[in-house]
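Read the structure below first, then the notes.
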Amino acid sequence: MKGLIQYIPLVFLGGGIGATLRFLLSVIVVQFTQKAWAGTLFVNIIGCIALYFGVKFAHFHTREMNFLIKIGLISSLTTFSAFAFEIVDLLKSGNFLEAGLVLSLNILFGVFIGIWMLR
């Protein structure tokens with residue numbers, strides 16, 4: 001833990017950038033779709049793709065890049081908590097089919113991109 005303290009500013013910077021990107025991209029997608037879950041789905045897909053390209057081509061081999069991009073930026077860009085909240089909200093409002101669709105799409109795209117990364 002002691003040696004990791006020096007990386008907090010990098011995680012903070014990457015996290016701020018990722019959270020801001022998440023907000024802006026989600027707002028844009030929601031304006032077009034009128035569905036809150038669509039913004040979350042979009043940033044989760046973008047985050048998975050960004051992680052794929054980062055691992056495959058940018059090689060997050062330095063600790064600094066790992067903390068700035070992978071842990072800071074991409075981790076704050078994607079979110080599981082909003083995903084879970086939106087599914088519960090859809091279920092509570094009786095939109096069972098839409099909740100199932102949102103759950104399936106997030107998992108399907110996440111797993112598909114994960115398989116794509118590992119091939």
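By order of appearance in the structure tokens: chains A, B, ..., then residues from 1 within every chain, and ligands from 1 in the order shown.
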Give me the residues near range 83-95 of chain A as a PDB file with C-alpha atoms, in the first residue's frame, where near means some atom within 9 Å (using only C-alpha atoms) and where sequence neighbours in that chain fewer than 3 positions away do not count.
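Generated output (around.pdb):
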```pdb
ATOM      1  CA  ALA A  36     -31.259   6.126 -19.401  1.00  0.00           C
ATOM      2  CA  TRP A  37     -29.974   2.571 -19.777  1.00  0.00           C
ATOM      3  CA  THR A  40     -24.886   3.159 -19.601  1.00  0.00           C
ATOM      4  CA  LEU A  41     -24.840   0.446 -22.261  1.00  0.00           C
ATOM      5  CA  THR A  79     -20.038   1.545 -14.352  1.00  0.00           C
ATOM      6  CA  PHE A  80     -21.735  -1.478 -12.945  1.00  0.00           C
ATOM      7  CA  GLU A  98     -36.835  -4.052 -21.128  1.00  0.00           C
ATOM      8  CA  ALA A  99     -34.979  -4.970 -17.911  1.00  0.00           C
ATOM      9  CA  GLY A 100     -34.141  -8.388 -19.359  1.00  0.00           C
ATOM     10  CA  VAL A 102     -30.753  -4.296 -20.804  1.00  0.00           C
ATOM     11  CA  LEU A 103     -29.239  -7.045 -18.664  1.00  0.00           C
ATOM     12  CA  ASN A 106     -24.706  -5.471 -21.231  1.00  0.00           C
TER      13      ASN A 106
END
```
Item to check | Backbone DSSP call of alpha helix (DSSP H) for range 21-61 of chain A, listed as a PyMOL selection string | outcome: chain A and resi 21-33+36-53
Item to check | Selection: 9 Å around Leu25 in chain A, only C-alpha atoms, excl. self and same-chain fewer than 6 positions, as a PyMOL selection string | outcome: chain A and resi 39+42-43
Next on the checklist: Report, in Å to a single decimal, how far apart CA of Phe57 in chain A and CA of Pro9 in chain A are.
Outcome noted: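 Going from CA of Pro9 in chain A over to CA of Phe57 in chain A, I get 24.4 Å.
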Next on the checklist: Taking only C-alpha atoms into account, name the residue in A:Phe96, A:Phe67, A:Tyr52, A:Phe112 that is nearest to Val11 in chain A.
Outcome noted: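 Nearest to Val11 in chain A: A:Phe67.
Taking CA of Ser26 in chain A and CA of Tyr7 in chain A as the two end points, the separation is 28.0 Å.
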Checklist entry - Do you have the CA of Ile5 in chain A-CA of Ala82 in chain A distance handy? => result 27.9 Å
Closest-contact table, range 40-95 of chain A side, partner range 12-21 of chain A, 12 Å, counting only C-alpha atoms, as JSON lines:
```
{"residue": "A:Thr40", "atom": "CA", "partner": "A:Leu21", "partner_atom": "CA", "distance": 11.8}
{"residue": "A:Phe42", "atom": "CA", "partner": "A:Leu21", "partner_atom": "CA", "distance": 11.5}
{"residue": "A:Val43", "atom": "CA", "partner": "A:Leu21", "partner_atom": "CA", "distance": 8.7}
{"residue": "A:Asn44", "atom": "CA", "partner": "A:Gly18", "partner_atom": "CA", "distance": 11.7}
{"residue": "A:Ile46", "atom": "CA", "partner": "A:Leu21", "partner_atom": "CA", "distance": 10.6}
{"residue": "A:Gly47", "atom": "CA", "partner": "A:Gly18", "partner_atom": "CA", "distance": 9.4}
{"residue": "A:Ala50", "atom": "CA", "partner": "A:Gly18", "partner_atom": "CA", "distance": 11.4}
{"residue": "A:Glu64", "atom": "CA", "partner": "A:Gly14", "partner_atom": "CA", "distance": 10.7}
{"residue": "A:Met65", "atom": "CA", "partner": "A:Gly14", "partner_atom": "CA", "distance": 9.7}
{"residue": "A:Asn66", "atom": "CA", "partner": "A:Gly14", "partner_atom": "CA", "distance": 10.1}
{"residue": "A:Phe67", "atom": "CA", "partner": "A:Gly14", "partner_atom": "CA", "distance": 7.9}
{"residue": "A:Leu68", "atom": "CA", "partner": "A:Gly14", "partner_atom": "CA", "distance": 4.9}
{"residue": "A:Ile69", "atom": "CA", "partner": "A:Gly14", "partner_atom": "CA", "distance": 5.9}
{"residue": "A:Lys70", "atom": "CA", "partner": "A:Gly14", "partner_atom": "CA", "distance": 8.4}
{"residue": "A:Ile71", "atom": "CA", "partner": "A:Gly14", "partner_atom": "CA", "distance": 7.7}
{"residue": "A:Gly72", "atom": "CA", "partner": "A:Gly14", "partner_atom": "CA", "distance": 4.2}
{"residue": "A:Leu73", "atom": "CA", "partner": "A:Gly14", "partner_atom": "CA", "distance": 4.1}
{"residue": "A:Ile74", "atom": "CA", "partner": "A:Gly18", "partner_atom": "CA", "distance": 6.1}
{"residue": "A:Ser75", "atom": "CA", "partner": "A:Gly15", "partner_atom": "CA", "distance": 7.3}
{"residue": "A:Ser76", "atom": "CA", "partner": "A:Gly18", "partner_atom": "CA", "distance": 5.0}
{"residue": "A:Leu77", "atom": "CA", "partner": "A:Gly18", "partner_atom": "CA", "distance": 4.4}
{"residue": "A:Thr78", "atom": "CA", "partner": "A:Gly18", "partner_atom": "CA", "distance": 8.1}
{"residue": "A:Thr79", "atom": "CA", "partner": "A:Ala19", "partner_atom": "CA", "distance": 9.6}
```
Item to check | Closest of A:Val55, A:Ile49, A:Leu4, A:Ile28 to Ile113 in chain A - atom-to-atom distances counting only C-alpha atoms | outcome: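 Result for the nearest residue to Ile113 in chain A: A:Ile49.
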Checklist entry - For Leu118 in chain A, which of A:Leu51, A:Leu97, A:Leu105, A:Val30 is the closest residue, counting only C-alpha atoms? => result A:Leu51
